[in-house]
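Engineer: Structure file start-v4.cif (mmCIF, C-alpha atoms) is given on the next line.
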```
data_run
loop_
_atom_site.label_atom_id
_atom_site.label_comp_id
_atom_site.auth_asym_id
_atom_site.auth_seq_id
_atom_site.Cartn_x
_atom_site.Cartn_y
_atom_site.Cartn_z
CA MET V 3 96.18 61.48 84.31
CA MET V 4 99.51 62.52 82.71
CA ILE V 5 98.58 66.18 82.35
CA PRO V 6 101.73 68.11 83.30
CA ILE V 7 100.21 70.29 85.99
CA LEU V 8 103.22 70.01 88.26
CA LYS V 9 103.97 72.06 91.35
CA ASP V 10 106.07 74.46 89.31
CA TYR V 11 103.53 74.95 86.51
CA TYR V 12 102.54 78.32 87.96
CA ALA V 13 103.97 80.29 90.84
CA PRO V 14 101.44 80.97 93.64
CA GLY V 15 99.55 84.19 93.03
CA TYR V 16 98.01 85.84 90.01
CA LEU V 17 98.65 84.21 86.66
CA PRO V 18 101.21 85.93 84.44
CA HIS V 19 99.90 88.40 81.92
CA PRO V 20 99.61 86.88 78.45
CA GLU V 21 102.25 87.91 75.96
CA PRO V 22 101.23 88.97 72.45
CA LYS V 23 102.80 85.93 70.76
CA SER V 24 101.64 83.23 73.18
CA ILE V 25 98.49 81.35 74.18
CA PRO V 26 97.22 83.04 77.39
CA PRO V 27 97.62 81.05 80.65
CA TYR V 28 94.57 79.24 82.01
CA PHE V 29 93.35 76.79 84.65
CA PRO V 30 91.92 73.30 84.15
CA ASN V 31 88.44 72.38 85.32
CA ILE V 32 89.92 69.74 87.59
CA ASN V 33 90.37 72.28 90.39
CA LEU V 34 88.68 75.54 89.43
CA ALA V 35 86.40 77.90 91.34
CA LEU V 36 84.86 80.97 89.76
CA ARG V 37 82.31 83.64 90.54
CA ARG V 38 78.78 83.27 89.18
CA ARG V 39 78.93 86.85 87.94
CA LEU V 40 81.98 85.94 85.83
CA PHE V 41 80.20 82.92 84.38
CA GLU V 42 77.19 85.02 83.45
CA ASP V 43 79.34 87.92 82.21
CA ILE V 44 81.18 85.88 79.57
CA GLY V 45 78.28 83.62 78.62
CA GLY V 46 79.47 80.38 80.20
CA TYR V 47 81.21 77.57 78.37
CA ASP V 48 81.49 77.37 74.60
CA GLU V 49 79.55 74.19 73.82
CA ASN V 50 81.38 73.82 70.51
CA CYS V 51 84.54 72.94 72.45
CA GLU V 52 84.68 69.16 72.70
CA ALA V 53 87.90 69.62 74.70
CA GLY V 54 89.67 72.73 75.94
CA GLU V 55 86.43 74.25 77.21
CA ASP V 56 88.16 75.15 80.49
CA ALA V 57 91.02 76.90 78.69
CA ASP V 58 88.52 78.77 76.51
CA LEU V 59 86.52 79.88 79.55
CA CYS V 60 89.59 81.17 81.40
CA ILE V 61 90.99 82.99 78.38
CA ARG V 62 87.69 84.73 77.64
CA ALA V 63 87.44 85.69 81.33
CA ALA V 64 90.96 87.13 81.30
CA ARG V 65 90.24 89.11 78.14
CA ALA V 66 87.07 90.44 79.77
CA GLY V 67 89.18 91.85 82.61
CA TRP V 68 88.83 89.12 85.25
CA ALA V 69 91.92 88.11 87.23
CA GLN V 70 93.04 84.50 87.70
CA PHE V 71 94.65 83.48 90.98
CA PHE V 72 96.56 80.25 91.62
CA ASP V 73 96.60 78.86 95.16
CA SER V 74 99.05 75.96 95.45
CA ALA V 75 97.41 74.90 98.72
CA ALA V 76 94.13 74.02 96.99
CA ILE V 77 93.75 70.25 96.71
CA ALA V 78 91.52 68.23 94.40
CA TYR V 79 91.11 64.47 94.31
CA HIS V 80 90.77 63.03 90.85
CA GLU V 81 90.22 59.44 89.72
CA PRO V 82 92.75 58.69 86.95
CA ARG V 83 92.14 56.53 83.91
CA PRO V 84 92.40 52.88 85.06
CA THR V 85 94.28 51.52 82.03
CA LEU V 86 96.82 52.67 79.45
CA GLY V 87 94.22 52.21 76.71
CA ALA V 88 91.76 54.48 78.53
CA LEU V 89 94.50 57.08 78.99
CA LEU V 90 95.36 57.06 75.29
CA ARG V 91 91.67 57.37 74.37
CA GLN V 92 91.57 60.44 76.64
CA TRP V 93 94.43 62.01 74.68
CA ILE V 94 92.82 61.11 71.37
CA TRP V 95 89.86 63.10 72.63
CA TYR V 96 92.13 66.03 73.61
CA GLY V 97 93.92 66.03 70.25
CA ARG V 98 90.71 65.67 68.24
CA GLY V 99 88.45 67.90 70.31
CA GLY V 100 90.93 70.66 71.12
CA SER V 101 91.17 71.99 67.57
CA HIS V 102 88.12 74.25 67.97
CA PHE V 103 89.67 75.93 71.03
CA PHE V 104 93.06 76.46 69.41
CA PHE V 105 91.71 77.84 66.15
CA LYS V 106 89.64 80.35 68.14
CA GLN V 107 92.99 81.83 69.21
CA GLN V 108 94.34 82.00 65.66
CA ARG V 109 95.08 85.45 64.22
CA SER V 110 97.05 84.54 61.07
CA ARG V 111 96.45 81.96 58.36
CA LEU V 112 99.59 80.06 59.44
CA GLU V 113 100.94 80.06 63.00
CA VAL V 114 103.87 78.01 64.30
CA TYR V 115 104.47 77.85 68.06
CA VAL V 116 107.60 76.53 69.79
CA ASP V 117 108.40 75.47 73.37
CA MET V 118 111.70 73.64 73.84
CA GLU V 119 111.17 72.61 77.46
CA LEU V 120 111.15 68.88 78.22
CA VAL V 121 107.80 69.38 79.97
CA PRO V 122 106.12 72.02 77.76
CA LYS V 123 103.69 74.53 79.22
CA MET V 124 100.99 75.89 76.95
CA HIS V 125 101.43 79.52 78.03
CA ARG V 126 105.17 79.31 77.23
CA TYR V 127 104.71 78.31 73.62
CA ARG V 128 105.82 81.27 71.51
CA CYS V 129 104.61 82.06 68.02
CA VAL V 130 107.80 82.06 65.91
CA LEU V 131 106.12 82.21 62.53
CA ALA V 132 102.89 83.90 61.44
CA ALA V 133 101.83 84.30 57.84
CA ARG V 134 98.69 85.84 56.39
CA TRP V 135 98.82 83.59 53.32
CA PHE V 136 98.95 79.79 53.40
CA PRO V 137 97.12 77.13 51.37
CA CYS V 138 95.03 76.18 54.40
CA SER V 139 94.40 77.37 57.93
CA ALA V 140 97.28 75.94 60.01
CA MET V 141 98.45 75.83 63.63
CA ILE V 142 101.56 73.81 64.44
CA PHE V 143 102.98 73.34 67.94
CA ILE V 144 106.60 72.17 68.05
CA SER V 145 107.80 70.77 71.37
CA ALA V 146 111.21 69.37 72.31
CA PHE V 147 109.71 65.90 71.78
CA LEU V 148 108.64 66.65 68.22
CA ALA V 149 111.78 68.63 67.38
CA GLY V 150 114.01 65.80 68.64
CA HIS V 151 112.24 63.26 66.44
CA ILE V 152 112.42 65.57 63.42
CA ILE V 153 116.18 66.00 63.95
CA ALA V 154 116.63 62.23 64.33
CA LEU V 155 114.62 61.60 61.16
CA LEU V 156 116.73 64.12 59.23
CA GLY V 157 119.85 62.37 60.55
CA LEU V 158 118.63 58.98 59.35
CA LEU V 159 117.70 60.38 55.94
CA ALA V 160 121.13 62.01 55.64
CA LEU V 161 122.75 58.69 56.58
CA LEU V 162 120.75 56.83 53.94
CA ALA V 163 121.71 59.48 51.38
CA GLY V 164 125.39 58.96 52.15
CA PHE V 165 126.05 62.21 54.02
CA SER V 166 127.72 60.56 57.02
CA LYS V 167 129.17 63.59 58.81
CA PRO V 168 125.97 65.68 58.85
CA ALA V 169 124.03 62.52 59.69
CA PHE V 170 126.08 61.69 62.77
CA SER V 171 126.00 65.33 63.88
CA LEU V 172 122.20 65.38 63.68
CA LEU V 173 121.86 62.02 65.45
CA PHE V 174 124.24 63.16 68.20
CA LEU V 175 122.20 66.33 68.67
CA ALA V 176 118.97 64.29 68.80
CA VAL V 177 120.45 62.26 71.68
CA ILE V 178 122.33 64.89 73.69
CA TYR V 179 119.70 67.67 73.56
CA PRO V 180 117.02 65.77 75.53
CA ILE V 181 119.65 64.83 78.11
CA LEU V 182 120.57 68.49 78.61
CA LEU V 183 116.90 69.41 78.87
CA TYR V 184 116.35 66.69 81.47
CA PHE V 185 118.74 68.35 83.95
CA ARG V 186 116.81 71.62 83.57
CA SER V 187 113.37 70.08 84.02
CA PRO V 188 111.30 69.10 87.08
CA LEU V 189 111.55 65.48 85.89
CA ARG V 190 115.01 65.25 87.45
CA LYS V 191 113.24 65.02 90.83
CA LEU V 192 111.77 61.65 89.85
CA SER V 193 113.46 58.34 90.59
CA TRP V 194 114.83 56.46 87.59
CA ARG V 195 111.93 54.03 87.74
CA GLU V 196 109.40 56.88 87.84
CA PHE V 197 111.20 58.73 85.06
CA LEU V 198 111.33 55.71 82.73
CA LEU V 199 107.63 55.05 83.35
CA TYR V 200 106.77 58.70 82.71
CA ALA V 201 108.97 58.84 79.59
CA GLY V 202 107.43 55.69 78.13
CA VAL V 203 103.83 56.75 78.70
CA ALA V 204 104.55 60.34 77.62
CA HIS V 205 106.04 59.00 74.39
CA LEU V 206 102.82 57.14 73.60
CA ILE V 207 100.68 60.13 74.58
CA ASN V 208 102.63 62.51 72.36
CA TRP V 209 102.34 60.36 69.24
CA THR V 210 98.69 59.63 70.01
CA CYS V 211 97.91 63.35 70.32
CA ILE V 212 99.94 64.25 67.21
CA PHE V 213 98.06 61.75 65.03
CA ALA V 214 94.65 62.58 66.57
CA SER V 215 95.14 66.33 66.13
CA GLY V 216 96.44 65.85 62.59
CA LEU V 217 93.45 63.74 61.56
CA ALA V 218 91.03 66.17 63.23
CA GLY V 219 92.57 69.02 61.26
CA LEU V 220 92.34 67.14 57.96
CA LYS V 221 88.64 66.50 58.48
CA LYS V 222 88.13 70.26 58.71
CA ARG V 223 90.61 71.03 55.90
CA ARG V 224 93.12 72.45 58.35
CA LEU V 225 96.68 71.64 59.33
CA PHE V 226 96.75 71.07 63.07
CA ILE V 227 99.67 69.47 64.94
CA TYR V 228 99.60 69.35 68.73
CA PRO V 229 102.08 67.09 70.59
CA GLY V 230 100.30 66.93 73.94
CA ILE V 231 102.81 66.73 76.82
#
```
Now that the file is in, can you turn its structure into structure tokens?

Structural biologist:
Amino acid sequence: MMIPILKDYYAPGYLPHPEPKSIPPYFPNINLALRRRLFEDIGGYDENCEAGEDADLCIRAARAGWAQFFDSAAIAYHEPRPTLGALLRQWIWYGRGGSHFFFKQQRSRLEVYVDMELVPKMHRYRCVLAARWFPCSAMIFISAFLAGHIIALLGLLALLAGFSKPAFSLLFLAVIYPILLYFRSPLRKLSWREFLLYAGVAHLINWTCIFASGLAGLKKRRLFIYPGI
């Protein structure tokens, strides 16, 4: 499924309290139980959410005063997408359909969120820039994946422009930074074969989600960039 709900995504117990400059933590529908009273209290799912309806439900429940508890012993069996093409279509759906959920959380005209972990977690993205004025409504999520590619692109442009020293410094940073992040991430527990497979598929998923979210934003006259995993 390639959704990074790893064993260390949340610690067992109640979910952390949301911080003012972050997207509140939430659970996926894949393994979620809730009280009927809660469902009735908050009005159920938002049917305008093509994707992210589970995140929207949990966040509205938390804001209504309901607690969220994570039990790591709970097990769910899920049938994954059978092919790479089906998996990428799933992430096109996430990138395209998730814009409604994210823009419901927006408080400023422009919001830029950053999470520099190799395996980003939505509730750890921090809003580093918020502006009341911007030409269009915009939400941009910058992950280590996206930041690394931006740095590499800047290095290549500097090299083409003849600025060799800054170029090689940027290219070196684009290579060494992901390596340092790797040793701090749960991915170090994988075998090399598993890691290379994960990295290759995650690379495709990230670009797929970036382009899908960008196109979805343009259709609604918004700027929306979401890297996925």

Engineer: Under the PyMOL selection byres ((chain V and resi 27) around 12), which residues of this model are included? Write them out as a VMD selection string.

Structural biologist: chain V and resid 11 to 12 16 to 22 24 to 26 28 to 30 56 to 65 69 to 72 123 to 127

Engineer: When the PyMOL selection byres ((chain V and resi 131) around 9) is applied to the structure above, which residues does it catch, written out as a count of residues only?

Structural biologist: 8

Engineer: Using all atoms listed in the file, determine which residues lie at most 12 Å from Pro137 (chain V), disregarding the query and same-chain residues fewer than 5 positions distant; provide the list as a PyMOL selection string.

Structural biologist: chain V and resi 111-112+223-225

Engineer: For Asn208 (chain V), which residue among V:Ala140, V:Leu175, V:Val121, V:Leu162 is the nearest when counting only C-alpha atoms?

Structural biologist: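 For Asn208 (chain V), the nearest of the given residues is V:Val121.
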
Engineer: Pick out the closest residue to Asp73 (chain V) from this set: V:Ala13, V:His102, V:Leu199, V:Ile212. Count all atoms listed in the file.

Structural biologist: V:Ala13

Engineer: Hey, what comes out of the PyMOL selection byres ((chain V and resi 80) around 10) on this file? Could you write it as a list in words?

Structural biologist: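 Given this file, the PyMOL selection byres ((chain V and resi 80) around 10) evaluates to Met3, Ile32, Asn33, Ile77, Ala78, Tyr79, Glu81, Pro82 and Arg83 of chain V.
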
Engineer: Counting all atoms listed in the file, figure out which residue out of V:Leu182, V:Leu86, V:Ala218, V:Cys138 gets nearest to Gly202 (chain V).

Structural biologist: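 Closest to Gly202 (chain V) of all the choices is V:Leu86.
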
Engineer: Quick one, how far is CA of Tyr184 (chain V) from CA of Trp209 (chain V)?

Structural biologist: 19.6 Å

Engineer: So the first atom is CA of Ala75 (chain V) and the second is CA of Gly15 (chain V); what is the distance between them in Å, to one decimal place?

Structural biologist: 11.1 Å
